[in-house]
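Structure file work-v4.pdb (PDB, C-alpha atoms) follows.
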```
ATOM      1  CA  MET A 257    -109.357 -61.534 -32.027
ATOM      2  CA  ALA A 258    -112.509 -61.530 -29.946
ATOM      3  CA  LYS A 259    -110.744 -63.324 -27.109
ATOM      4  CA  GLN A 260    -107.854 -60.874 -27.217
ATOM      5  CA  GLU A 261    -110.161 -57.860 -27.133
ATOM      6  CA  GLU A 262    -112.199 -59.354 -24.289
ATOM      7  CA  ARG A 263    -109.194 -59.887 -22.039
ATOM      8  CA  GLN A 264    -107.716 -56.430 -22.528
ATOM      9  CA  TRP A 265    -108.680 -53.315 -20.665
ATOM     10  CA  SER A 266    -110.619 -51.033 -23.024
ATOM     11  CA  GLY A 267    -108.277 -48.070 -22.585
ATOM     12  CA  LYS A 268    -111.182 -45.638 -22.546
ATOM     13  CA  THR A 269    -111.314 -42.764 -20.073
ATOM     14  CA  ASP A 270    -114.265 -43.268 -17.713
ATOM     15  CA  GLY A 271    -116.911 -40.597 -17.200
ATOM     16  CA  GLN A 272    -119.792 -38.878 -18.993
ATOM     17  CA  THR A 273    -119.036 -36.082 -21.466
ATOM     18  CA  TRP A 274    -120.411 -33.407 -19.124
ATOM     19  CA  MET A 275    -118.215 -34.710 -16.307
ATOM     20  CA  LEU A 276    -115.063 -34.561 -18.406
ATOM     21  CA  LYS A 277    -115.863 -31.061 -19.651
ATOM     22  CA  SER A 278    -116.557 -29.993 -16.063
ATOM     23  CA  LEU A 279    -113.092 -31.233 -15.059
ATOM     24  CA  ILE A 280    -111.463 -28.970 -17.618
ATOM     25  CA  PHE A 281    -113.552 -26.028 -16.392
ATOM     26  CA  MET A 282    -112.717 -26.679 -12.734
ATOM     27  CA  PHE A 283    -108.998 -26.894 -13.413
ATOM     28  CA  LYS A 284    -109.039 -23.312 -14.682
ATOM     29  CA  TRP A 285    -109.433 -22.101 -11.100
ATOM     30  CA  MET A 286    -109.058 -25.077  -8.745
ATOM     31  CA  ASN A 287    -105.849 -26.403  -7.187
ATOM     32  CA  ILE A 288    -105.095 -29.851  -8.571
ATOM     33  CA  ARG A 289    -104.454 -31.233  -5.061
ATOM     34  CA  ILE A 290    -108.137 -30.758  -4.182
ATOM     35  CA  LEU A 291    -109.214 -33.101  -6.963
ATOM     36  CA  TYR A 292    -106.423 -35.491  -6.014
ATOM     37  CA  GLY A 293    -108.109 -35.676  -2.592
ATOM     38  CA  VAL A 294    -111.480 -36.409  -4.153
ATOM     39  CA  MET A 295    -109.853 -39.084  -6.314
ATOM     40  CA  ALA A 296    -108.369 -40.728  -3.210
ATOM     41  CA  CYS A 297    -111.906 -41.247  -1.852
ATOM     42  CA  VAL A 298    -113.271 -42.577  -5.151
ATOM     43  CA  ILE A 299    -110.595 -45.228  -5.788
ATOM     44  CA  PRO A 300    -112.003 -47.813  -3.294
ATOM     45  CA  PHE A 301    -115.223 -47.925  -5.345
ATOM     46  CA  TYR A 302    -113.231 -48.661  -8.508
ATOM     47  CA  MET A 303    -111.433 -51.438  -6.686
ATOM     48  CA  LEU A 304    -114.748 -52.855  -5.493
ATOM     49  CA  PHE A 305    -116.648 -52.772  -8.787
ATOM     50  CA  SER A 306    -113.870 -53.145 -11.399
ATOM     51  CA  ARG A 307    -113.022 -56.669 -10.395
ATOM     52  CA  LYS A 308    -111.099 -57.661 -13.537
ATOM     53  CA  ALA A 309    -108.820 -54.644 -13.274
ATOM     54  CA  TYR A 310    -108.357 -55.266  -9.547
ATOM     55  CA  ARG A 311    -107.420 -58.926 -10.032
ATOM     56  CA  ALA A 312    -104.957 -58.051 -12.811
ATOM     57  CA  ALA A 313    -103.290 -55.338 -10.730
ATOM     58  CA  TYR A 314    -103.199 -57.553  -7.621
ATOM     59  CA  SER A 315    -101.589 -60.381  -9.611
ATOM     60  CA  TYR A 316     -99.055 -57.925 -11.049
ATOM     61  CA  PHE A 317     -97.845 -56.893  -7.588
ATOM     62  CA  ARG A 318     -98.168 -60.338  -6.009
ATOM     63  CA  GLU A 319     -96.519 -62.391  -8.761
ATOM     64  CA  ARG A 320     -94.311 -59.989 -10.679
ATOM     65  CA  HIS A 321     -92.976 -57.968  -7.738
ATOM     66  CA  GLY A 322     -93.227 -60.597  -4.999
ATOM     67  CA  CYS A 323     -95.351 -58.483  -2.663
ATOM     68  CA  THR A 324     -97.235 -59.961   0.283
ATOM     69  CA  PRO A 325    -101.048 -60.210   0.018
ATOM     70  CA  PHE A 326    -101.507 -57.144   2.215
ATOM     71  CA  SER A 327     -98.875 -55.003   0.451
ATOM     72  CA  SER A 328    -100.311 -56.125  -2.904
ATOM     73  CA  PHE A 329    -103.720 -54.829  -1.816
ATOM     74  CA  ILE A 330    -102.218 -51.506  -0.701
ATOM     75  CA  ASN A 331    -100.219 -51.226  -3.926
ATOM     76  CA  VAL A 332    -103.331 -51.842  -6.018
ATOM     77  CA  TYR A 333    -104.911 -48.851  -4.305
ATOM     78  CA  LEU A 334    -101.805 -46.711  -4.863
ATOM     79  CA  ASN A 335    -101.576 -47.887  -8.478
ATOM     80  CA  GLN A 336    -105.188 -46.916  -9.161
ATOM     81  CA  TYR A 337    -104.709 -43.631  -7.315
ATOM     82  CA  THR A 338    -101.596 -42.810  -9.353
ATOM     83  CA  PHE A 339    -103.483 -43.622 -12.553
ATOM     84  CA  GLY A 340    -106.261 -41.288 -11.435
ATOM     85  CA  GLN A 341    -103.696 -38.539 -10.832
ATOM     86  CA  VAL A 342    -102.245 -39.010 -14.313
ATOM     87  CA  ILE A 343    -105.738 -38.728 -15.833
ATOM     88  CA  LEU A 344    -106.433 -35.572 -13.819
ATOM     89  CA  ASP A 345    -103.084 -34.141 -14.927
ATOM     90  CA  ARG A 346    -104.140 -34.641 -18.524
ATOM     91  CA  PHE A 347    -107.290 -32.567 -18.020
ATOM     92  CA  ALA A 348    -105.324 -29.981 -16.050
ATOM     93  CA  PHE A 349    -103.051 -29.620 -19.048
ATOM     94  CA  TYR A 350    -106.087 -29.202 -21.312
ATOM     95  CA  ALA A 351    -107.169 -26.377 -18.999
ATOM     96  CA  GLY A 352    -103.837 -24.592 -19.382
ATOM     97  CA  LYS A 353    -101.963 -25.824 -16.311
ATOM     98  CA  ARG A 354     -98.250 -26.440 -16.786
ATOM     99  CA  PHE A 355     -95.928 -29.050 -15.348
ATOM    100  CA  ASP A 356     -92.189 -29.133 -14.743
ATOM    101  CA  ILE A 357     -90.811 -31.455 -17.423
ATOM    102  CA  LYS A 358     -87.247 -32.787 -17.502
ATOM    103  CA  ILE A 359     -86.071 -34.630 -20.613
ATOM    104  CA  TYR A 360     -83.342 -37.269 -20.356
ATOM    105  CA  GLY A 361     -81.774 -38.337 -23.661
ATOM    106  CA  ASN A 362     -83.256 -35.461 -25.660
ATOM    107  CA  GLU A 363     -80.088 -35.307 -27.785
ATOM    108  CA  GLN A 364     -80.935 -38.714 -29.258
ATOM    109  CA  PHE A 365     -84.350 -37.416 -30.286
ATOM    110  CA  LEU A 366     -82.925 -34.197 -31.758
ATOM    111  CA  ASN A 367     -80.221 -36.101 -33.697
ATOM    112  CA  LEU A 368     -82.875 -38.160 -35.465
ATOM    113  CA  VAL A 369     -85.057 -35.113 -36.087
ATOM    114  CA  GLU A 370     -82.155 -33.487 -37.978
ATOM    115  CA  GLN A 371     -81.818 -36.467 -40.323
ATOM    116  CA  GLU A 372     -83.796 -36.694 -43.558
ATOM    117  CA  LYS A 373     -84.971 -40.214 -42.786
ATOM    118  CA  GLY A 374     -88.084 -40.721 -40.677
ATOM    119  CA  PHE A 375     -88.078 -42.737 -37.479
ATOM    120  CA  ILE A 376     -90.329 -44.555 -35.015
ATOM    121  CA  MET A 377     -91.058 -43.661 -31.403
ATOM    122  CA  THR A 378     -92.491 -46.566 -29.455
ATOM    123  CA  SER A 379     -94.371 -46.044 -26.226
ATOM    124  CA  SER A 380     -96.073 -48.054 -23.515
ATOM    125  CA  HIS A 381     -98.942 -47.745 -21.068
ATOM    126  CA  VAL A 382     -96.911 -46.461 -18.154
ATOM    127  CA  GLY A 383     -96.850 -42.906 -16.855
ATOM    128  CA  SER A 384     -98.385 -40.328 -19.196
ATOM    129  CA  TYR A 385     -96.979 -40.720 -22.698
ATOM    130  CA  GLU A 386     -99.337 -38.085 -24.125
ATOM    131  CA  LEU A 387     -97.245 -35.363 -22.458
ATOM    132  CA  ALA A 388     -94.318 -36.311 -24.720
ATOM    133  CA  GLY A 389     -96.222 -34.872 -27.665
ATOM    134  CA  TYR A 390     -96.372 -31.497 -25.933
ATOM    135  CA  HIS A 391     -92.673 -31.276 -25.052
ATOM    136  CA  LEU A 392     -90.554 -33.147 -27.615
ATOM    137  CA  LYS A 393     -89.974 -30.551 -30.341
ATOM    138  CA  ALA A 394     -89.627 -32.025 -33.840
ATOM    139  CA  THR A 395     -88.974 -28.912 -35.933
ATOM    140  CA  GLY A 396     -89.405 -29.741 -39.612
ATOM    141  CA  LYS A 397     -91.057 -33.107 -39.010
ATOM    142  CA  THR A 398     -94.594 -34.157 -38.139
ATOM    143  CA  ILE A 399     -95.143 -36.687 -35.364
ATOM    144  CA  ASN A 400     -97.877 -39.105 -36.427
ATOM    145  CA  ALA A 401     -99.265 -40.729 -33.296
ATOM    146  CA  ILE A 402    -101.162 -44.007 -33.564
ATOM    147  CA  ALA A 403    -104.000 -43.749 -31.054
ATOM    148  CA  PHE A 404    -106.863 -45.858 -29.713
ATOM    149  CA  ASN A 405    -110.018 -44.810 -31.598
ATOM    150  CA  GLY A 406    -112.518 -45.581 -28.838
ATOM    151  CA  GLU A 407    -111.721 -42.667 -26.529
ATOM    152  CA  THR A 408    -114.457 -40.243 -25.489
ATOM    153  CA  GLU A 409    -115.082 -37.306 -27.808
ATOM    154  CA  THR A 410    -114.052 -34.851 -25.080
ATOM    155  CA  VAL A 411    -110.642 -36.489 -24.716
ATOM    156  CA  LYS A 412    -110.131 -36.854 -28.469
ATOM    157  CA  LYS A 413    -111.052 -33.241 -29.245
ATOM    158  CA  ASN A 414    -108.868 -31.768 -26.508
ATOM    159  CA  ARG A 415    -105.984 -34.094 -27.286
ATOM    160  CA  GLU A 416    -106.100 -33.243 -30.982
ATOM    161  CA  LYS A 417    -106.360 -29.525 -30.196
ATOM    162  CA  MET A 418    -103.332 -29.569 -27.903
ATOM    163  CA  LEU A 419    -101.213 -31.889 -30.037
ATOM    164  CA  GLY A 420    -102.076 -29.953 -33.187
ATOM    165  CA  LYS A 421    -100.289 -26.941 -31.707
ATOM    166  CA  HIS A 422     -97.142 -29.051 -31.450
ATOM    167  CA  ASN A 423     -97.141 -30.452 -35.004
ATOM    168  CA  VAL A 424     -98.549 -33.816 -33.898
ATOM    169  CA  ASN A 425    -101.050 -35.631 -36.106
ATOM    170  CA  ILE A 426    -103.356 -38.299 -34.636
ATOM    171  CA  ILE A 427    -103.828 -41.507 -36.648
ATOM    172  CA  PRO A 428    -106.688 -43.556 -35.139
ATOM    173  CA  VAL A 429    -106.470 -47.343 -35.227
ATOM    174  CA  LYS A 430    -109.315 -48.580 -37.469
ATOM    175  CA  GLU A 431    -110.683 -51.983 -38.389
ATOM    176  CA  ASP A 432    -110.096 -51.309 -42.102
ATOM    177  CA  MET A 433    -106.365 -51.118 -41.297
ATOM    178  CA  SER A 434    -106.081 -47.744 -43.046
ATOM    179  CA  HIS A 435    -103.708 -46.640 -40.300
ATOM    180  CA  LEU A 436    -101.065 -48.955 -41.792
ATOM    181  CA  PHE A 437    -101.064 -46.955 -45.028
ATOM    182  CA  ALA A 438    -100.770 -43.737 -43.026
ATOM    183  CA  ILE A 439     -97.744 -45.160 -41.192
ATOM    184  CA  ASN A 440     -95.988 -46.116 -44.432
ATOM    185  CA  THR A 441     -96.712 -42.720 -45.968
ATOM    186  CA  ALA A 442     -95.412 -40.843 -42.935
ATOM    187  CA  LEU A 443     -92.126 -42.760 -42.844
ATOM    188  CA  SER A 444     -91.668 -42.498 -46.613
ATOM    189  CA  GLU A 445     -91.975 -38.723 -46.303
ATOM    190  CA  GLY A 446     -89.288 -38.609 -43.604
ATOM    191  CA  ASN A 447     -91.652 -37.964 -40.711
ATOM    192  CA  ILE A 448     -92.054 -39.584 -37.298
ATOM    193  CA  VAL A 449     -94.468 -42.342 -36.314
ATOM    194  CA  SER A 450     -95.387 -42.988 -32.672
ATOM    195  CA  ILE A 451     -96.671 -46.518 -31.983
ATOM    196  CA  PRO A 452     -97.512 -48.263 -28.684
ATOM    197  CA  GLY A 453     -95.158 -51.186 -28.149
ATOM    198  CA  ASP A 454     -96.935 -53.075 -25.365
ATOM    199  CA  ARG A 455    -100.460 -53.914 -26.579
ATOM    200  CA  LEU A 456    -101.588 -56.240 -29.335
ATOM    201  CA  PHE A 457    -104.863 -54.435 -30.171
ATOM    202  CA  GLY A 458    -106.227 -57.730 -31.505
ATOM    203  CA  SER A 459    -103.235 -58.368 -33.791
ATOM    204  CA  ALA A 460    -102.168 -61.975 -34.299
ATOM    205  CA  LYS A 461     -98.543 -60.946 -34.855
ATOM    206  CA  PHE A 462     -96.514 -60.911 -31.672
ATOM    207  CA  THR A 463     -93.197 -61.880 -30.134
ATOM    208  CA  CYS A 464     -92.882 -63.604 -26.763
ATOM    209  CA  CYS A 465     -90.374 -61.804 -24.554
ATOM    210  CA  ASN A 466     -89.086 -62.402 -21.073
ATOM    211  CA  PHE A 467     -90.645 -59.612 -19.021
ATOM    212  CA  LEU A 468     -90.593 -59.364 -15.232
ATOM    213  CA  GLY A 469     -89.715 -63.018 -14.880
ATOM    214  CA  LYS A 470     -92.290 -64.511 -17.221
ATOM    215  CA  GLU A 471     -92.960 -64.602 -20.948
ATOM    216  CA  ALA A 472     -95.386 -62.012 -22.273
ATOM    217  CA  LYS A 473     -96.669 -61.206 -25.750
ATOM    218  CA  PHE A 474     -95.462 -57.972 -27.301
ATOM    219  CA  PRO A 475     -96.790 -56.655 -30.636
ATOM    220  CA  LEU A 476     -94.467 -57.248 -33.572
ATOM    221  CA  GLY A 477     -95.801 -54.312 -35.603
ATOM    222  CA  PRO A 478     -93.595 -51.397 -34.424
ATOM    223  CA  PHE A 479     -90.399 -53.426 -34.608
ATOM    224  CA  ALA A 480     -91.281 -55.126 -37.913
ATOM    225  CA  THR A 481     -91.944 -51.690 -39.405
ATOM    226  CA  ALA A 482     -88.568 -50.373 -38.198
ATOM    227  CA  VAL A 483     -86.746 -53.380 -39.679
ATOM    228  CA  GLN A 484     -88.622 -53.447 -42.976
ATOM    229  CA  LYS A 485     -88.363 -49.689 -43.500
ATOM    230  CA  GLU A 486     -84.804 -49.598 -42.088
ATOM    231  CA  VAL A 487     -85.579 -46.609 -39.885
ATOM    232  CA  PRO A 488     -84.255 -45.798 -36.396
ATOM    233  CA  MET A 489     -86.356 -46.353 -33.287
ATOM    234  CA  LEU A 490     -86.658 -44.615 -29.930
ATOM    235  CA  ALA A 491     -88.398 -45.860 -26.808
ATOM    236  CA  ILE A 492     -90.080 -42.995 -24.936
ATOM    237  CA  PHE A 493     -91.295 -43.137 -21.338
ATOM    238  CA  VAL A 494     -92.998 -40.220 -19.567
ATOM    239  CA  MET A 495     -93.106 -40.813 -15.825
ATOM    240  CA  LYS A 496     -94.782 -38.844 -13.043
ATOM    241  CA  GLU A 497     -92.268 -37.706 -10.416
ATOM    242  CA  SER A 498     -94.387 -35.477  -8.169
ATOM    243  CA  THR A 499     -97.593 -33.442  -8.155
ATOM    244  CA  ARG A 500     -96.402 -31.017 -10.830
ATOM    245  CA  SER A 501     -93.398 -32.724 -12.419
ATOM    246  CA  TYR A 502     -92.690 -35.435 -14.996
ATOM    247  CA  SER A 503     -89.588 -36.991 -16.536
ATOM    248  CA  ILE A 504     -89.357 -37.835 -20.238
ATOM    249  CA  ILE A 505     -86.873 -40.678 -20.733
ATOM    250  CA  VAL A 506     -85.573 -41.291 -24.270
ATOM    251  CA  LYS A 507     -83.780 -44.538 -25.155
ATOM    252  CA  LYS A 508     -82.530 -45.605 -28.592
ATOM    253  CA  ILE A 509     -83.177 -49.091 -29.935
ATOM    254  CA  ASP A 510     -80.614 -49.842 -32.654
ATOM    255  CA  LEU A 511     -81.235 -51.947 -35.746
ATOM    256  CA  PRO A 512     -79.162 -55.152 -35.301
ATOM    257  CA  GLU A 513     -76.374 -55.731 -37.812
ATOM    258  CA  GLY A 514     -75.765 -59.001 -39.625
ATOM    259  CA  LYS A 515     -79.095 -60.522 -38.605
ATOM    260  CA  SER A 516     -82.075 -61.690 -40.643
ATOM    261  CA  LYS A 517     -85.190 -59.543 -40.578
ATOM    262  CA  ARG A 518     -86.985 -62.035 -38.332
ATOM    263  CA  GLU A 519     -84.058 -62.151 -35.898
ATOM    264  CA  SER A 520     -83.786 -58.372 -35.904
ATOM    265  CA  MET A 521     -87.456 -57.969 -35.056
ATOM    266  CA  ALA A 522     -87.168 -60.404 -32.138
ATOM    267  CA  ILE A 523     -83.996 -58.732 -30.810
ATOM    268  CA  MET A 524     -85.507 -55.246 -30.951
ATOM    269  CA  THR A 525     -88.730 -56.376 -29.294
ATOM    270  CA  GLN A 526     -86.801 -58.004 -26.448
ATOM    271  CA  GLU A 527     -84.647 -54.883 -26.049
ATOM    272  CA  PHE A 528     -87.802 -52.789 -25.719
ATOM    273  CA  ALA A 529     -89.194 -55.283 -23.184
ATOM    274  CA  GLU A 530     -85.985 -54.954 -21.135
ATOM    275  CA  LEU A 531     -86.134 -51.148 -21.256
ATOM    276  CA  LEU A 532     -89.770 -51.265 -20.172
ATOM    277  CA  GLU A 533     -88.898 -53.706 -17.380
ATOM    278  CA  GLY A 534     -86.296 -51.268 -16.071
ATOM    279  CA  ILE A 535     -88.865 -48.471 -16.043
ATOM    280  CA  VAL A 536     -91.515 -50.624 -14.361
ATOM    281  CA  ASN A 537     -89.083 -51.745 -11.673
ATOM    282  CA  ARG A 538     -88.239 -48.098 -11.028
ATOM    283  CA  TYR A 539     -91.877 -46.925 -11.133
ATOM    284  CA  PRO A 540     -93.944 -50.028 -10.201
ATOM    285  CA  LEU A 541     -97.052 -47.974  -9.362
ATOM    286  CA  GLN A 542     -97.192 -46.524 -12.865
ATOM    287  CA  TRP A 543     -97.960 -49.768 -14.710
ATOM    288  CA  PHE A 544    -101.341 -49.083 -16.333
ATOM    289  CA  ASN A 545    -102.135 -52.268 -18.282
ATOM    290  CA  PHE A 546    -105.207 -53.348 -16.301
ATOM    291  CA  TYR A 547    -105.580 -56.865 -17.660
ATOM    292  CA  ASP A 548    -103.631 -60.125 -17.472
ATOM    293  CA  PHE A 549    -100.612 -59.028 -19.476
ATOM    294  CA  TRP A 550     -98.900 -62.410 -19.053
ATOM    295  CA  GLU A 551    -101.826 -64.600 -20.124
TER     296      GLU A 551
END
```

Can you dump the structure from the file as structure tokens?
Amino acid sequence: MAKQEERQWSGKTDGQTWMLKSLIFMFKWMNIRILYGVMACVIPFYMLFSRKAYRAAYSYFRERHGCTPFSSFINVYLNQYTFGQVILDRFAFYAGKRFDIKIYGNEQFLNLVEQEKGFIMTSSHVGSYELAGYHLKATGKTINAIAFNGETETVKKNREKMLGKHNVNIIPVKEDMSHLFAINTALSEGNIVSIPGDRLFGSAKFTCCNFLGKEAKFPLGPFATAVQKEVPMLAIFVMKESTRSYSIIVKKIDLPEGKSKRESMAIMTQEFAELLEGIVNRYPLQWFNFYDFWE
């Protein structure tokens, strides 16, 4: 577990508490493009001092997308810049700014919401998945989102405040594994559970899937839960389209018929990997796993 945690990017938003609170304050009166400009000047310093993240991103463009050394370098900058924009958008939303959101496949989400049975939404670290919790309306059901517990207090408090208005409950991942009981309870009560489908978080249970031309480890947890509980699953991707617009893309992952539980888990994991690959090929700059994903 220690090795796994060491190789992964921490997932924590950088910055002191006062800086993050100042961002929210500034967004109440400042045009977001101004801070985008500031971010553009800051990114080279991240590239210079965050060497592990730089090497992982460079390898991603060079090996997975076949870019030349120079274009890989440029794409690393654009990737980091896009990530910075997504983070700024999050704080802009906390400050009350609104974005143009288009939902593709919303009928699949609404169909499952109308059923008595609970279901799983699996996400990934591309785009800005948090925005899904503000725009996918699950009337009559609570969305229980499994979230990294090491975020800054400013982010956690604002995220919980905003999501709470939309009937979304945050379940932090803890070492005592209490989040697993919360997941089972939520599904048993016919509610929704949102689980990341692209990071192991130290778990030893994984499935190797073909992803962007090479095998990568995907967590078994979300797909094992869907199979064992016999609940439907949706893959949700929230992708930045422009300065003030995002697309929410909803895809259903069906439970395989006539397969063993182990086979079903593997099939569903690979299907998610293929859906994610399609998104990453369409939005290569919005891949935000800043570590060697294919190690």

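Taken over the shown file, the PyMOL selection byres ((chain A and resi 532) around 10) identifies A:Ser379, A:Ser380, A:His381, A:Val382, A:Gly453, A:Asp454, A:Phe467, A:Leu468, A:Ala491, A:Ile492, A:Phe493, A:Gln526, A:Glu527, A:Phe528, A:Ala529, A:Glu530, A:Leu531, A:Glu533, A:Gly534, A:Ile535, A:Val536, A:Asn537, A:Arg538, A:Trp543.
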
Practice task
Taking the file above as input, evaluate the PyMOL selection byres ((chain A and resi 334) around 12) and report the hits as a PyMOL selection string.
Solution key: chain A and resi 295-297+299-300+303+310+313-314+317+327-333+335-341+539-544

Output for the residues just chosen: C-alpha atoms as a compact mmCIF listing (two decimals), keeping the file's coordinate frame:
```txt
# COMPACT_ATOMS: atom_id res chain seq x y z
CA MET A 295 -109.85 -39.08 -6.31
CA ALA A 296 -108.37 -40.73 -3.21
CA CYS A 297 -111.91 -41.25 -1.85
CA ILE A 299 -110.60 -45.23 -5.79
CA PRO A 300 -112.00 -47.81 -3.29
CA MET A 303 -111.43 -51.44 -6.69
CA TYR A 310 -108.36 -55.27 -9.55
CA ALA A 313 -103.29 -55.34 -10.73
CA TYR A 314 -103.20 -57.55 -7.62
CA PHE A 317 -97.84 -56.89 -7.59
CA SER A 327 -98.88 -55.00 0.45
CA SER A 328 -100.31 -56.12 -2.90
CA PHE A 329 -103.72 -54.83 -1.82
CA ILE A 330 -102.22 -51.51 -0.70
CA ASN A 331 -100.22 -51.23 -3.93
CA VAL A 332 -103.33 -51.84 -6.02
CA TYR A 333 -104.91 -48.85 -4.30
CA ASN A 335 -101.58 -47.89 -8.48
CA GLN A 336 -105.19 -46.92 -9.16
CA TYR A 337 -104.71 -43.63 -7.32
CA THR A 338 -101.60 -42.81 -9.35
CA PHE A 339 -103.48 -43.62 -12.55
CA GLY A 340 -106.26 -41.29 -11.44
CA GLN A 341 -103.70 -38.54 -10.83
CA TYR A 539 -91.88 -46.92 -11.13
CA PRO A 540 -93.94 -50.03 -10.20
CA LEU A 541 -97.05 -47.97 -9.36
CA GLN A 542 -97.19 -46.52 -12.86
CA TRP A 543 -97.96 -49.77 -14.71
CA PHE A 544 -101.34 -49.08 -16.33
```

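One distance worth recording is that between atom CA of A:Ala394 and atom CA of A:Lys496, which is 22.5 Å.
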
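Against this structure, the PyMOL selection byres ((chain A and resi 501) around 7) ends up with Phe355, Asp356, Ile357, Lys496, Glu497, Ser498, Thr499, Arg500 and Tyr502 of chain A.
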
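Here the question is which of A:Ala438, A:Met524, A:Val449, A:Ile288 gets nearest to A:Ile343 using all atoms listed in the file, and that residue is A:Ile288.
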
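Between atom CA of A:Ala309 and atom CA of A:Phe546 there is a distance of 4.9 Å.
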
Completion exercise
Correct to one decimal, the distance atom CA of A:Gly361-atom CA of A:Thr525 is 20.1 Å

Exercise for the section: Find, counting all atoms listed in the file, the residue in A:Val483, A:Tyr316, A:Lys353, A:Pro428 that gets nearest to A:Trp285. Expected result: A:Lys353

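Using all atoms listed in the file, the smallest distance between any of A:Gly469, A:Lys284, A:Glu551, A:Ser450 and A:Gly322 comes from A:Gly469.
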
Exercise for the section: Starting from the point (-89.8, -34.4, -38.1), work out which residues of protein, DNA or RNA have an atom no more than 9 Å away when counting all atoms listed in the file; state them as a PyMOL selection string. Expected result: chain A and resi 368-375+393-399+423+446-448

Could you pull stretch 435-440 of chain A out of the block above and save it with all heavy atoms, as a short mmCIF file (atom, residue, chain, number, x, y, z; two decimals), in the first residue's frame?
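Written output follows (out-v5.cif):
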```
data_model
loop_
_atom_site.label_atom_id
_atom_site.label_comp_id
_atom_site.auth_asym_id
_atom_site.auth_seq_id
_atom_site.Cartn_x
_atom_site.Cartn_y
_atom_site.Cartn_z
N HIS A 435 -16.31 3.69 5.07
CA HIS A 435 -17.03 4.12 3.87
C HIS A 435 -17.69 2.95 3.15
O HIS A 435 -18.69 3.13 2.45
CB HIS A 435 -16.10 4.88 2.92
CG HIS A 435 -14.89 4.10 2.51
ND1 HIS A 435 -13.78 3.93 3.32
CD2 HIS A 435 -14.61 3.43 1.35
CE1 HIS A 435 -12.88 3.21 2.68
NE2 HIS A 435 -13.36 2.90 1.49
N LEU A 436 -17.15 1.74 3.33
CA LEU A 436 -17.74 0.57 2.68
C LEU A 436 -19.13 0.27 3.26
O LEU A 436 -20.05 -0.12 2.53
CB LEU A 436 -16.83 -0.65 2.85
CG LEU A 436 -15.44 -0.54 2.19
CD1 LEU A 436 -14.64 -1.81 2.41
CD2 LEU A 436 -15.58 -0.25 0.69
N PHE A 437 -19.27 0.44 4.58
CA PHE A 437 -20.57 0.23 5.21
C PHE A 437 -21.57 1.28 4.73
O PHE A 437 -22.75 0.98 4.52
CB PHE A 437 -20.43 0.28 6.73
CG PHE A 437 -19.58 -0.83 7.29
CD1 PHE A 437 -18.26 -0.60 7.64
CD2 PHE A 437 -20.10 -2.11 7.46
CE1 PHE A 437 -17.48 -1.62 8.15
CE2 PHE A 437 -19.32 -3.14 7.96
CZ PHE A 437 -18.00 -2.90 8.31
N ALA A 438 -21.08 2.51 4.56
CA ALA A 438 -21.95 3.59 4.09
C ALA A 438 -22.43 3.31 2.67
O ALA A 438 -23.59 3.60 2.32
CB ALA A 438 -21.21 4.92 4.15
N ILE A 439 -21.56 2.75 1.84
CA ILE A 439 -21.93 2.40 0.47
C ILE A 439 -23.04 1.34 0.47
O ILE A 439 -24.05 1.47 -0.24
CB ILE A 439 -20.70 1.88 -0.30
CG1 ILE A 439 -19.72 3.02 -0.55
CG2 ILE A 439 -21.12 1.23 -1.62
CD1 ILE A 439 -18.39 2.57 -1.14
N ASN A 440 -22.84 0.29 1.25
CA ASN A 440 -23.83 -0.79 1.31
C ASN A 440 -25.17 -0.29 1.82
O ASN A 440 -26.24 -0.66 1.31
CB ASN A 440 -23.32 -1.93 2.21
CG ASN A 440 -22.17 -2.69 1.58
OD1 ASN A 440 -22.10 -2.81 0.36
ND2 ASN A 440 -21.26 -3.20 2.40
#
```
